[in-house]
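Novice: Enclosed is the structure file my_file18.cif (mmCIF, C-alpha atoms and all ligand atoms).
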```cif
data_upload
#
loop_
_atom_site.label_atom_id
_atom_site.label_comp_id
_atom_site.auth_asym_id
_atom_site.auth_seq_id
_atom_site.Cartn_x
_atom_site.Cartn_y
_atom_site.Cartn_z
CA MET R 490 -32.35 -0.57 -7.00
CA PRO R 491 -34.20 -1.41 -3.79
CA PHE R 492 -32.09 -4.54 -3.31
CA VAL R 493 -28.76 -2.79 -2.87
CA SER R 494 -27.77 -2.30 0.76
CA ASP R 495 -27.23 1.15 2.24
CA LYS R 496 -23.70 0.06 3.09
CA VAL R 497 -22.87 -0.42 -0.55
CA LYS R 498 -24.89 2.56 -1.75
CA ASN R 499 -23.02 4.83 0.64
CA LEU R 500 -19.57 3.67 -0.44
CA PRO R 501 -17.48 6.47 -1.89
CA PRO R 502 -16.77 5.86 -5.59
CA TYR R 503 -13.46 4.10 -6.09
CA LEU R 504 -11.71 7.03 -7.69
CA PHE R 505 -9.27 4.99 -9.67
CA SER R 506 -12.03 3.46 -11.73
CA GLU R 507 -13.29 6.92 -12.76
CA PHE R 508 -9.92 7.85 -14.18
CA GLN R 509 -9.79 4.55 -15.98
CA ARG R 510 -13.10 5.34 -17.69
CA GLU R 511 -11.73 8.71 -18.84
CA LYS R 512 -8.60 6.95 -20.08
CA LYS R 513 -10.64 4.56 -22.18
CA LYS R 514 -12.58 7.47 -23.72
CA LEU R 515 -9.38 9.23 -24.76
CA GLU R 516 -7.84 6.03 -26.08
CA ASP R 517 -10.91 5.40 -28.18
CA LYS R 518 -10.25 8.83 -29.70
CA GLY R 519 -6.73 7.73 -30.58
CA VAL R 520 -4.86 9.53 -27.79
CA ASP R 521 -1.69 7.81 -26.58
CA VAL R 522 -2.43 7.96 -22.85
CA ILE R 523 0.42 7.39 -20.42
CA ASP R 524 -0.91 6.03 -17.15
CA LEU R 525 1.06 7.10 -14.09
CA GLY R 526 -2.01 6.66 -11.95
CA ILE R 527 -1.90 2.96 -11.20
CA GLY R 528 0.16 2.00 -8.20
CA ALA R 529 0.93 -1.52 -9.33
CA PRO R 530 4.18 -2.90 -10.74
CA ASP R 531 4.40 -3.02 -14.54
CA LEU R 532 7.00 -5.81 -14.55
CA PRO R 533 6.23 -9.55 -14.34
CA ALA R 534 6.94 -11.76 -11.33
CA PRO R 535 10.46 -13.22 -11.37
CA ASP R 536 11.01 -16.49 -13.24
CA PHE R 537 12.13 -18.53 -10.22
CA ILE R 538 8.88 -17.75 -8.41
CA TYR R 539 6.82 -18.51 -11.50
CA ASP R 540 8.70 -21.82 -11.97
CA LYS R 541 7.99 -22.75 -8.36
CA LEU R 542 4.29 -21.99 -8.88
CA MET R 543 4.17 -24.24 -11.96
CA HIS R 544 6.02 -27.01 -10.15
CA GLU R 545 3.66 -26.90 -7.18
CA ALA R 546 0.58 -26.55 -9.38
CA ARG R 547 1.35 -29.96 -10.92
CA LYS R 548 1.17 -31.76 -7.57
CA PRO R 549 -2.28 -33.25 -6.93
CA GLU R 550 -1.95 -32.78 -3.15
CA ASN R 551 -1.78 -29.01 -3.68
CA HIS R 552 -5.26 -28.93 -5.16
CA ARG R 553 -6.95 -29.50 -1.83
CA TYR R 554 -8.17 -26.77 0.51
CA SER R 555 -5.42 -25.00 2.35
CA ALA R 556 -5.39 -24.76 6.14
CA TYR R 557 -7.55 -21.72 7.00
CA SER R 558 -4.59 -19.74 8.31
CA GLY R 559 -2.44 -20.60 5.32
CA CYS R 560 -0.08 -23.55 4.97
CA LEU R 561 2.66 -23.95 7.55
CA GLU R 562 5.35 -23.72 4.86
CA PHE R 563 4.24 -20.15 4.05
CA ARG R 564 3.79 -19.09 7.67
CA GLU R 565 7.24 -20.46 8.54
CA ALA R 566 8.78 -18.59 5.61
CA ILE R 567 7.20 -15.36 6.87
CA ALA R 568 8.59 -15.93 10.38
CA HIS R 569 12.00 -16.71 8.87
CA PHE R 570 11.83 -13.54 6.80
CA TYR R 571 11.03 -11.39 9.86
CA LYS R 572 13.89 -12.93 11.82
CA ARG R 573 16.35 -12.39 9.00
CA SER R 574 15.22 -8.93 7.91
CA HIS R 575 14.14 -7.38 11.20
CA GLY R 576 15.49 -9.56 14.00
CA VAL R 577 11.89 -10.16 15.11
CA ASP R 578 10.82 -13.58 16.45
CA LEU R 579 7.39 -14.76 15.39
CA ASP R 580 5.55 -17.95 16.22
CA PRO R 581 4.25 -19.22 12.87
CA GLU R 582 1.35 -20.96 14.63
CA THR R 583 -0.06 -17.97 16.49
CA GLU R 584 1.53 -14.77 15.26
CA VAL R 585 1.35 -15.21 11.48
CA LEU R 586 -1.65 -15.43 9.17
CA ALA R 587 -1.79 -15.79 5.37
CA LEU R 588 -3.97 -13.30 3.49
CA ILE R 589 -5.48 -13.23 0.02
CA GLY R 590 -3.59 -9.99 -0.59
CA SER R 591 -3.21 -7.43 2.18
CA LYS R 592 -6.23 -5.45 0.93
CA GLU R 593 -8.44 -8.37 1.92
CA GLY R 594 -6.70 -8.50 5.30
CA ILE R 595 -7.10 -4.78 5.95
CA HIS R 596 -10.82 -4.96 5.24
CA ASN R 597 -11.41 -8.00 7.39
CA PHE R 598 -9.18 -6.65 10.15
CA ALA R 599 -11.45 -3.63 10.54
CA GLN R 600 -14.37 -6.08 10.78
CA SER R 601 -12.63 -7.99 13.53
CA VAL R 602 -11.76 -4.92 15.65
CA ILE R 603 -14.52 -2.36 15.12
CA ASN R 604 -18.00 -2.43 16.63
CA PRO R 605 -20.58 -0.10 15.07
CA GLY R 606 -19.94 3.38 16.43
CA ASP R 607 -16.27 2.75 17.32
CA SER R 608 -13.73 5.03 15.72
CA ALA R 609 -10.44 4.42 13.94
CA ILE R 610 -7.56 6.83 13.33
CA LEU R 611 -6.43 6.90 9.71
CA PRO R 612 -3.57 8.68 7.94
CA ASP R 613 -4.59 11.61 5.74
CA PRO R 614 -3.49 11.45 2.98
CA GLY R 615 -3.73 7.67 3.05
CA TYR R 616 -4.65 4.52 1.17
CA PRO R 617 -8.44 4.76 0.61
CA VAL R 618 -9.07 1.14 1.61
CA TYR R 619 -8.67 1.98 5.34
CA ARG R 620 -11.56 4.39 5.15
CA THR R 621 -13.91 2.08 3.33
CA ALA R 622 -12.94 -0.79 5.62
CA VAL R 623 -13.88 1.28 8.67
CA HIS R 624 -17.08 2.45 6.97
CA LEU R 625 -18.09 -1.12 6.11
CA ALA R 626 -17.52 -2.15 9.71
CA GLY R 627 -19.90 0.60 10.82
CA GLY R 628 -17.09 2.61 12.39
CA LYS R 629 -16.17 6.25 12.23
CA SER R 630 -12.95 7.49 10.65
CA VAL R 631 -10.87 10.08 12.45
CA LEU R 632 -8.37 11.52 10.01
CA LEU R 633 -4.87 12.17 11.28
CA PRO R 634 -3.41 14.82 8.97
CA LEU R 635 0.18 14.20 7.91
CA ASP R 636 2.17 17.08 6.48
CA ALA R 637 5.26 17.66 4.42
CA GLU R 638 6.77 19.93 7.04
CA ASN R 639 6.94 17.04 9.50
CA GLY R 640 8.00 14.46 6.96
CA TYR R 641 4.51 12.92 7.03
CA THR R 642 5.11 11.46 10.48
CA PRO R 643 1.98 11.02 12.61
CA LEU R 644 1.41 14.02 14.90
CA PHE R 645 -0.47 12.39 17.75
CA ASN R 646 -0.62 15.68 19.68
CA ASN R 647 -3.05 16.98 17.09
CA LEU R 648 -5.65 14.47 18.21
CA THR R 649 -8.09 15.69 20.84
CA GLU R 650 -8.46 13.91 24.16
CA ASP R 651 -11.86 12.69 23.02
CA GLU R 652 -10.52 11.32 19.72
CA ARG R 653 -7.80 9.41 21.55
CA LYS R 654 -10.22 7.98 24.07
CA ARG R 655 -12.73 6.83 21.50
CA ALA R 656 -10.40 5.29 18.96
CA LYS R 657 -10.02 1.54 19.05
CA LEU R 658 -7.76 1.15 16.05
CA MET R 659 -5.12 3.15 14.22
CA PHE R 660 -3.68 2.48 10.78
CA LEU R 661 -0.20 3.60 9.79
CA ASN R 662 1.48 3.02 6.45
CA TYR R 663 5.24 3.30 6.07
CA PRO R 664 6.79 3.37 3.52
CA SER R 665 3.75 5.35 2.54
CA ASN R 666 1.30 5.34 -0.29
CA PRO R 667 0.68 8.03 -1.53
CA THR R 668 3.31 10.31 0.05
CA ALA R 669 6.30 7.97 -0.41
CA ALA R 670 7.33 8.98 3.12
CA THR R 671 9.58 6.69 5.07
CA ILE R 672 10.28 6.82 8.78
CA GLU R 673 12.79 5.63 11.34
CA LEU R 674 12.19 3.15 14.13
CA ASN R 675 11.81 5.80 16.84
CA THR R 676 8.58 7.01 15.23
CA PHE R 677 7.18 3.49 15.37
CA SER R 678 8.25 3.32 19.03
CA GLU R 679 6.35 6.53 19.75
CA ALA R 680 3.32 5.12 17.95
CA ILE R 681 3.45 1.97 20.08
CA SER R 682 3.61 4.03 23.27
CA PHE R 683 0.73 6.18 22.06
CA ALA R 684 -1.40 3.14 21.22
CA SER R 685 -0.61 1.46 24.57
CA GLU R 686 -1.41 4.62 26.58
CA ASN R 687 -4.68 5.10 24.75
CA ASN R 688 -5.67 1.46 24.67
CA MET R 689 -5.96 0.95 20.93
CA VAL R 690 -4.76 -1.53 18.36
CA ILE R 691 -2.25 -0.30 15.80
CA ALA R 692 -1.81 -1.76 12.32
CA ASN R 693 1.11 -0.81 10.12
CA ASP R 694 0.55 -1.47 6.45
CA ALA R 695 4.00 -2.43 5.17
CA ALA R 696 3.07 -3.15 1.54
CA TYR R 697 6.20 -1.26 0.39
CA SER R 698 8.59 -2.42 3.11
CA LEU R 699 11.00 -3.93 0.59
CA VAL R 700 10.59 -1.29 -2.12
CA THR R 701 13.39 1.01 -0.98
CA TYR R 702 16.32 2.70 -2.68
CA ASP R 703 20.04 2.68 -1.93
CA ASP R 704 20.91 2.16 1.72
CA TYR R 705 17.54 2.98 3.24
CA LYS R 706 16.07 0.00 5.07
CA SER R 707 12.49 0.27 6.22
CA PRO R 708 12.00 -0.83 9.84
CA SER R 709 9.15 -3.10 10.89
CA ILE R 710 6.84 -1.74 13.56
CA LEU R 711 7.45 -5.03 15.36
CA GLU R 712 11.06 -3.97 16.01
CA ALA R 713 9.75 -1.34 18.45
CA PRO R 714 9.76 -2.28 22.16
CA ASN R 715 6.56 -4.04 23.31
CA ALA R 716 5.10 -3.78 19.80
CA LYS R 717 3.45 -7.18 19.93
CA ASP R 718 1.29 -6.01 22.86
CA VAL R 719 -0.72 -3.73 20.61
CA ALA R 720 0.45 -4.01 17.00
CA VAL R 721 0.07 -6.03 13.86
CA GLU R 722 1.79 -5.47 10.54
CA PHE R 723 0.42 -6.22 7.08
CA GLY R 724 2.80 -7.51 4.43
CA SER R 725 2.35 -8.09 0.74
CA LEU R 726 4.24 -9.71 -2.10
CA SER R 727 2.38 -7.59 -4.66
CA LYS R 728 4.77 -4.67 -4.92
CA SER R 729 8.10 -6.16 -3.85
CA PHE R 730 7.91 -9.29 -6.02
CA ASN R 731 5.60 -7.98 -8.78
CA MET R 732 2.93 -10.44 -7.70
CA ALA R 733 -0.03 -8.05 -7.51
CA GLY R 734 -2.42 -10.35 -9.39
CA TRP R 735 -1.43 -13.43 -7.43
CA ARG R 736 -3.29 -12.19 -4.34
CA ILE R 737 -0.95 -13.18 -1.58
CA GLY R 738 -0.03 -11.32 1.59
CA PHE R 739 0.15 -11.83 5.33
CA VAL R 740 -0.35 -10.24 8.72
CA VAL R 741 1.92 -10.73 11.72
CA GLY R 742 2.06 -9.59 15.33
CA ASN R 743 -0.33 -9.54 18.29
CA LYS R 744 -1.69 -13.05 18.68
CA VAL R 745 -5.09 -12.07 20.06
CA MET R 746 -5.75 -9.90 17.00
CA ILE R 747 -4.33 -12.51 14.63
CA HIS R 748 -6.61 -15.10 16.20
CA ALA R 749 -9.63 -12.81 15.89
CA LEU R 750 -8.92 -12.16 12.22
CA ALA R 751 -8.29 -15.86 11.58
CA THR R 752 -11.60 -16.75 13.24
CA LEU R 753 -13.48 -14.23 11.11
CA LYS R 754 -11.74 -15.30 7.91
CA SER R 755 -12.34 -19.00 8.52
CA ASN R 756 -16.02 -18.13 8.06
CA ILE R 757 -15.39 -16.25 4.83
CA ASP R 758 -12.59 -17.87 2.84
CA THR R 759 -10.34 -20.91 2.88
CA SER R 760 -7.07 -19.10 2.23
CA GLN R 761 -5.16 -18.91 -1.04
CA PHE R 762 -4.39 -21.67 -3.58
CA LEU R 763 -1.54 -23.75 -2.07
CA PRO R 764 0.87 -23.38 -5.02
CA VAL R 765 0.59 -19.59 -4.71
CA GLN R 766 1.39 -19.81 -0.99
CA LYS R 767 4.32 -22.12 -1.64
CA ALA R 768 5.71 -19.90 -4.36
CA ALA R 769 5.36 -16.92 -2.02
CA ALA R 770 7.21 -18.87 0.70
CA TYR R 771 9.97 -19.56 -1.80
CA ALA R 772 10.16 -15.85 -2.70
CA LEU R 773 10.45 -14.79 0.95
CA ARG R 774 13.24 -17.30 1.57
CA SER R 775 15.18 -16.16 -1.49
CA ASP R 776 18.22 -13.87 -1.32
CA LEU R 777 15.95 -10.97 -2.37
CA SER R 778 18.26 -10.08 -5.25
CA VAL R 779 15.24 -9.79 -7.55
CA VAL R 780 13.76 -7.22 -5.19
CA LYS R 781 16.98 -5.24 -5.26
CA ALA R 782 17.08 -5.40 -9.05
CA ASN R 783 13.51 -4.08 -9.19
CA ASN R 784 14.36 -1.32 -6.78
CA ARG R 785 17.22 -0.21 -9.01
CA ILE R 786 14.75 0.07 -11.88
CA TYR R 787 12.34 2.18 -9.82
CA LYS R 788 15.21 4.31 -8.57
CA GLU R 789 16.41 5.01 -12.09
CA ARG R 790 12.89 6.03 -13.12
CA MET R 791 12.48 8.14 -10.00
CA GLU R 792 15.77 10.01 -10.57
CA LYS R 793 14.90 10.70 -14.18
CA LEU R 794 11.42 12.01 -13.43
CA TYR R 795 12.48 13.85 -10.30
CA ALA R 796 15.11 15.82 -12.22
CA ALA R 797 12.64 16.66 -15.01
CA LEU R 798 9.97 17.78 -12.53
CA ALA R 799 12.45 20.14 -10.92
CA GLU R 800 13.26 21.54 -14.36
CA VAL R 801 9.63 22.37 -15.12
CA GLY R 802 9.08 23.82 -11.65
CA ILE R 803 7.25 20.96 -9.95
CA VAL R 804 8.57 20.54 -6.42
CA ALA R 805 8.76 17.14 -4.77
CA GLU R 806 10.51 15.46 -1.87
CA LYS R 807 12.95 12.89 -3.20
CA PRO R 808 11.62 9.52 -2.04
CA LYS R 809 13.68 6.78 -0.35
CA GLY R 810 11.26 4.10 -1.51
CA THR R 811 7.81 3.10 -2.85
CA LEU R 812 6.59 3.31 -6.45
CA PHE R 813 5.65 6.99 -6.18
CA ILE R 814 6.67 10.59 -6.36
CA TRP R 815 4.38 12.84 -4.30
CA ALA R 816 4.64 16.21 -5.97
CA GLN R 817 3.44 19.70 -5.15
CA ILE R 818 1.17 21.31 -7.68
CA PRO R 819 2.51 24.44 -9.33
CA GLY R 820 0.51 27.63 -9.95
CA ASP R 821 -3.01 28.02 -8.62
CA TYR R 822 -4.43 24.69 -9.66
CA SER R 823 -6.29 22.37 -7.35
CA SER R 824 -5.26 18.71 -7.21
CA LEU R 825 -8.19 17.79 -9.37
CA SER R 826 -7.89 20.63 -11.91
CA PHE R 827 -4.17 20.02 -12.33
CA SER R 828 -4.68 16.27 -12.81
CA ALA R 829 -7.42 17.02 -15.34
CA LYS R 830 -5.10 19.43 -17.18
CA LEU R 831 -2.38 16.78 -17.41
CA LEU R 832 -4.86 14.31 -18.83
CA ASP R 833 -6.56 16.73 -21.25
CA GLU R 834 -3.49 18.56 -22.50
CA ALA R 835 -0.77 15.94 -22.24
CA GLY R 836 -2.55 12.58 -22.11
CA ILE R 837 -0.88 11.81 -18.78
CA ILE R 838 -2.79 10.22 -15.93
CA VAL R 839 -1.68 11.02 -12.39
CA THR R 840 -3.72 10.66 -9.21
CA PRO R 841 -5.01 13.85 -7.56
CA GLY R 842 -3.83 14.05 -3.95
CA THR R 843 -7.39 14.49 -2.72
CA ALA R 844 -8.16 10.91 -3.79
CA PHE R 845 -6.27 10.01 -0.59
CA GLY R 846 -8.05 12.45 1.72
CA PRO R 847 -8.49 16.20 2.18
CA ALA R 848 -4.86 16.69 3.28
CA GLY R 849 -3.82 15.58 -0.22
CA GLU R 850 -5.00 18.90 -1.66
CA GLY R 851 -2.13 20.67 -3.40
CA PHE R 852 -0.43 17.42 -4.42
CA ILE R 853 -0.48 14.74 -7.08
CA ARG R 854 0.79 11.18 -6.86
CA ILE R 855 2.88 10.06 -9.81
CA ALA R 856 3.47 6.32 -10.10
CA LEU R 857 6.83 5.08 -11.38
CA THR R 858 5.24 2.19 -13.19
CA VAL R 859 6.25 2.83 -16.80
CA SER R 860 9.59 2.33 -18.57
CA THR R 861 12.22 5.07 -18.82
CA ASP R 862 11.39 5.36 -22.54
CA ARG R 863 7.82 6.23 -21.68
CA LEU R 864 9.06 8.60 -19.01
CA ASP R 865 11.09 10.39 -21.69
CA GLU R 866 7.81 10.92 -23.52
CA VAL R 867 6.16 12.13 -20.29
CA ILE R 868 8.96 14.63 -19.82
CA ARG R 869 8.73 15.81 -23.43
CA ARG R 870 5.01 16.46 -22.96
CA LEU R 871 5.46 18.18 -19.59
CA LYS R 872 7.99 20.59 -21.05
CA LYS R 873 5.48 21.71 -23.67
CA LEU R 874 2.84 22.61 -21.07
CA ASP R 875 2.30 25.95 -19.40
CA LEU R 876 2.35 24.76 -15.81
CA GLN R 877 2.52 27.99 -13.85
CA GLY R 878 -0.93 29.37 -14.68
CA GLY R 879 -3.98 27.86 -13.19
CA LYS R 880 -7.49 28.47 -12.22
CA ASN R 881 -9.17 27.24 -9.11
CA GLY R 882 -11.73 24.61 -9.70
C1 LIG R 901 -1.12 -1.97 -3.06
C2 LIG R 901 -1.37 -1.68 -1.63
C3 LIG R 901 -1.96 -2.63 -0.79
C4 LIG R 901 -2.61 -3.90 -1.31
O1 LIG R 901 -1.77 -4.86 -1.64
P1 LIG R 901 -2.29 -6.33 -1.92
O2 LIG R 901 -1.44 -7.16 -1.04
O3 LIG R 901 -2.08 -6.54 -3.37
O4 LIG R 901 -3.73 -6.42 -1.55
C5 LIG R 901 -2.08 -2.37 0.56
N1 LIG R 901 -1.67 -1.19 1.06
C6 LIG R 901 -1.14 -0.24 0.29
C7 LIG R 901 -0.73 1.03 0.91
C8 LIG R 901 -0.98 -0.45 -1.08
O5 LIG R 901 -0.49 0.53 -1.83
#
```
In structure tokens, how does this file's structure come out?

Specialist:
Amino acid sequence: MPFVSDKVKNLPPYLFSEFQREKKKLEDKGVDVIDLGIGAPDLPAPDFIYDKLMHEARKPENHRYSAYSGCLEFREAIAHFYKRSHGVDLDPETEVLALIGSKEGIHNFAQSVINPGDSAILPDPGYPVYRTAVHLAGGKSVLLPLDAENGYTPLFNNLTEDERKRAKLMFLNYPSNPTAATIELNTFSEAISFASENNMVIANDAAYSLVTYDDYKSPSILEAPNAKDVAVEFGSLSKSFNMAGWRIGFVVGNKVMIHALATLKSNIDTSQFLPVQKAAAYALRSDLSVVKANNRIYKERMEKLYAALAEVGIVAEKPKGTLFIWAQIPGDYSSLSFSAKLLDEAGIIVTPGTAFGPAGEGFIRIALTVSTDRLDEVIRRLKKLDLQGGKNG
């Protein structure tokens, strides 16, 4: 169609939708497909948050437009949460902004930092939205390969002098989708120094910050010294509170960048429905016991699947958080051919590692978003497959 912009025409296909089409085809044929491809919680939002939403939804005053930056009640709850969880002080007026889900914020953030021709450093493998956001802003993506050997920490020394000089923005994502990697505060501190030295903005996507197992506690990038000089952090209630469809998230940190994003957004949207913001505020001020209960469920699933994968010869690093296992492909398969084999021969959807960038070759991402009963069925099917063969393709 002549009316479709080049920008849209040149967008890479959103890979997840292709797998969903294949799934529908198989289901129409009567195949019982088990979907471990979708990285969204399968469980509903907790009752107390839902009750708060219903309560607020009944109040006529909550049916008006929200303040552009989100209501103060939500921004104060975010600041309170950062103080309590990370010991970080935030000014709710200038250092906190409500988002309609962090995906929206990531996209618009690229628009508010990048001029056409600027470049941005992105994790590879990484969440595909960073790349499209940079593309839509007219920028150029510089992929920063992350590898298993180094625990998927960013290796800034691998960037050329030119790449460092030209980059205006860098995205990080810990705990990570798709690799499930977690890091310690010193890595964030190094990232802050790197960004300061090279005069770029750094954004950590902390969508999984609360989805952690056992004693591991994910640091905030804002805990690093001088972080607020160059950094922002994206937060989301989607994964931690099972609120993916509610579309509520936030960004915190450097006030100049928060102001820029708020200015852009005030021309695009008028923030989220007030009852959703107020319910999210209530969730963030809670004792987080529902988050811990969820994490125990994910951990149980992870342990079960992890043990079974080892049994059939699929090697993975045991994650300390997120909804994923990032597993090495056995035999001589490619990411794509192995994922296709799992779908064709076992009716199991996983995501090929290459969906997250070239460095994802050799891996698949398995989401822990089905019940342990369904995982038993996954394991039964895996054990029947011949996994060690393979053909390149
Ligand atoms: C799910 C996800 C998001 C988007 O979360 P929303 O707040 O629902 O938009 C952002 N980043 C990563 C890495 C994710 O996996």

Novice: Between R:Leu588, R:Leu525, R:Leu648, R:Cys560, single out the one closest to Leu864 (chain R), counting all atoms listed in the file.

Specialist: R:Leu525

Novice: Atom N1 of ligand LIG 901 (chain R) to CA of Tyr616 (chain R): how many Å, to one decimal?

Specialist: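 Atom N1 of ligand LIG 901 (chain R) sits 6.4 Å away from CA of Tyr616 (chain R).
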
Novice: Which chains and residue numbers are within 8 Å of ligand LIG 901 (chain R), counting only C-alpha atoms and all ligand atoms, if I want them as a ChimeraX atom specification?

Specialist: /R:528-529,589-595,615-616,618,662,665-667,694-697,723-728,732-734,736-738

Novice: Between CA of Asp613 (chain R) and CA of Pro634 (chain R), what is the distance, to one decimal in Å?

Specialist: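 Distance between the two atoms: 4.7 Å.
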
Novice: Counting only C-alpha atoms, which residue out of R:Thr811, R:Thr840, R:Ser775, R:Thr701 sits closest to Pro535 (chain R)?

Specialist: R:Ser775

Novice: Determine, counting all atoms listed in the file, which protein, DNA and RNA residues have an atom within 12 Å of an atom of Pro847 (chain R); residues of the same chain fewer than 4 positions away are not included. Present the result as a list in words.

Specialist: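 With the cut-off at 12 Å, the set is Pro612, Asp613, Pro614, Gly615, Pro617, Leu632, Leu633, Pro634, Leu635, Asp636, Ser823, Ser824, Leu825, Pro841, Gly842, Thr843, Gly851 and Phe852 of chain R.
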
Novice: Here is a test: counting all atoms listed in the file, which residue of R:Gln817, R:Asn756, R:Ser709, R:Ser494 is nearest to Asn597 (chain R)?

Specialist: R:Asn756

Novice: Using only C-alpha atoms, which of the listed residues (R:Ala751, R:Ile818, R:Leu586, R:Val741) sits closest to Gly878 (chain R)?

Specialist: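 Among the listed residues, R:Ile818 lies closest to Gly878 (chain R).
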
Novice: Would you write out, as a Markdown table, a table of all residues in region 723-837 of chain R that have an atom no more than 12 Å from an atom of region 853-860 of chain R, listing for each the closest atom pair and the distance in Å to one decimal, considering all atoms listed in the file and ordering rows by chain and rising residue number?

Specialist:
```
| residue | atom | partner | partner_atom | distance |
| --- | --- | --- | --- | --- |
| R:Lys728 | CA | R:Thr858 | CA | 10.8 |
| R:Asn731 | CA | R:Thr858 | CA | 11.1 |
| R:Asn783 | CA | R:Thr858 | CA | 11.1 |
| R:Asn784 | CA | R:Leu857 | CA | 10.9 |
| R:Arg785 | CA | R:Leu857 | CA | 11.9 |
| R:Ile786 | CA | R:Ser860 | CA | 8.7 |
| R:Tyr787 | CA | R:Leu857 | CA | 6.4 |
| R:Lys788 | CA | R:Leu857 | CA | 8.9 |
| R:Glu789 | CA | R:Leu857 | CA | 9.6 |
| R:Arg790 | CA | R:Leu857 | CA | 6.4 |
| R:Met791 | CA | R:Leu857 | CA | 6.6 |
| R:Glu792 | CA | R:Leu857 | CA | 10.2 |
| R:Lys793 | CA | R:Leu857 | CA | 10.2 |
| R:Leu794 | CA | R:Leu857 | CA | 8.6 |
| R:Tyr795 | CA | R:Ile855 | CA | 10.3 |
| R:Leu798 | CA | R:Ile855 | CA | 10.8 |
| R:Ile803 | CA | R:Ile853 | CA | 10.3 |
| R:Val804 | CA | R:Ile853 | CA | 10.8 |
| R:Ala805 | CA | R:Ile853 | CA | 9.8 |
| R:Glu806 | CA | R:Arg854 | CA | 11.7 |
| R:Pro808 | CA | R:Leu857 | CA | 11.4 |
| R:Gly810 | CA | R:Leu857 | CA | 10.9 |
| R:Thr811 | CA | R:Leu857 | CA | 8.8 |
| R:Leu812 | CA | R:Leu857 | CA | 5.2 |
| R:Phe813 | CA | R:Ala856 | CA | 4.5 |
| R:Ile814 | CA | R:Ile855 | CA | 5.2 |
| R:Trp815 | CA | R:Arg854 | CA | 4.7 |
| R:Ala816 | CA | R:Ile853 | CA | 5.4 |
| R:Gln817 | CA | R:Ile853 | CA | 6.6 |
| R:Ile818 | CA | R:Ile853 | CA | 6.8 |
| R:Pro819 | CA | R:Ile853 | CA | 10.4 |
| R:Tyr822 | CA | R:Ile853 | CA | 11.0 |
| R:Ser823 | CA | R:Ile853 | CA | 9.6 |
| R:Ser824 | CA | R:Ile853 | CA | 6.2 |
| R:Leu825 | CA | R:Ile853 | CA | 8.6 |
| R:Ser826 | CA | R:Ile853 | CA | 10.6 |
| R:Phe827 | CA | R:Ile853 | CA | 8.3 |
| R:Ser828 | CA | R:Ile853 | CA | 7.3 |
| R:Ala829 | CA | R:Ile853 | CA | 11.0 |
| R:Leu831 | CA | R:Ile853 | CA | 10.7 |
| R:Ile837 | CA | R:Ile855 | CA | 9.9 |
```

Novice: Those same residues, written as a compact mmCIF listing (two decimals), in the coordinates of the input with C-alpha atoms?

Specialist:
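Below you can see out22.txt, which holds the result:
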```txt
# COMPACT_ATOMS: atom_id res chain seq x y z
CA LYS R 728 4.77 -4.67 -4.92
CA ASN R 731 5.60 -7.98 -8.78
CA ASN R 783 13.51 -4.08 -9.19
CA ASN R 784 14.36 -1.32 -6.78
CA ARG R 785 17.22 -0.21 -9.01
CA ILE R 786 14.75 0.07 -11.88
CA TYR R 787 12.34 2.18 -9.82
CA LYS R 788 15.21 4.31 -8.57
CA GLU R 789 16.41 5.01 -12.09
CA ARG R 790 12.89 6.03 -13.12
CA MET R 791 12.48 8.14 -10.00
CA GLU R 792 15.77 10.01 -10.57
CA LYS R 793 14.90 10.70 -14.18
CA LEU R 794 11.42 12.01 -13.43
CA TYR R 795 12.48 13.85 -10.30
CA LEU R 798 9.97 17.78 -12.53
CA ILE R 803 7.25 20.96 -9.95
CA VAL R 804 8.57 20.54 -6.42
CA ALA R 805 8.76 17.14 -4.77
CA GLU R 806 10.51 15.46 -1.87
CA PRO R 808 11.62 9.52 -2.04
CA GLY R 810 11.26 4.10 -1.51
CA THR R 811 7.81 3.10 -2.85
CA LEU R 812 6.59 3.31 -6.45
CA PHE R 813 5.65 6.99 -6.18
CA ILE R 814 6.67 10.59 -6.36
CA TRP R 815 4.38 12.84 -4.30
CA ALA R 816 4.64 16.21 -5.97
CA GLN R 817 3.44 19.70 -5.15
CA ILE R 818 1.17 21.31 -7.68
CA PRO R 819 2.51 24.44 -9.33
CA TYR R 822 -4.43 24.69 -9.66
CA SER R 823 -6.29 22.37 -7.35
CA SER R 824 -5.26 18.71 -7.21
CA LEU R 825 -8.19 17.79 -9.37
CA SER R 826 -7.89 20.63 -11.91
CA PHE R 827 -4.17 20.02 -12.33
CA SER R 828 -4.68 16.27 -12.81
CA ALA R 829 -7.42 17.02 -15.34
CA LEU R 831 -2.38 16.78 -17.41
CA ILE R 837 -0.88 11.81 -18.78
```

Novice: In Å, rounded to a single decimal, give me how far CA of Pro764 (chain R) is from CA of Ala546 (chain R).

Specialist: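 Atom-to-atom, CA of Ala546 (chain R) to CA of Pro764 (chain R), that is 5.4 Å.
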
Novice: Between R:Gly559, R:Gly526, R:Gly519, R:Gly576, single out the one closest to Asp758 (chain R), counting all atoms listed in the file.

Specialist: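 Smallest separation from Asp758 (chain R) among the options: R:Gly559.
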
Novice: Which is closest to Ile523 (chain R) among R:Lys572, R:Arg863, R:Lys809, R:Lys744, if we use only C-alpha atoms?

Specialist: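 Closest candidate: R:Arg863.
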
Novice: Can you list, as a list in words, every protein, DNA or RNA residue that comes within 8 Å of region 654-659 of chain R when you count only C-alpha atoms, leaving out same-chain residues fewer than 6 positions away?

Specialist: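 So, after excluding close chain neighbours, the residues are Val602, Ile603, Asp607, Ser608, Ala609, Ile610, Leu611, Ala684, Asn687, Asn688, Met689, Val690, Ile691 and Ala692 of chain R.
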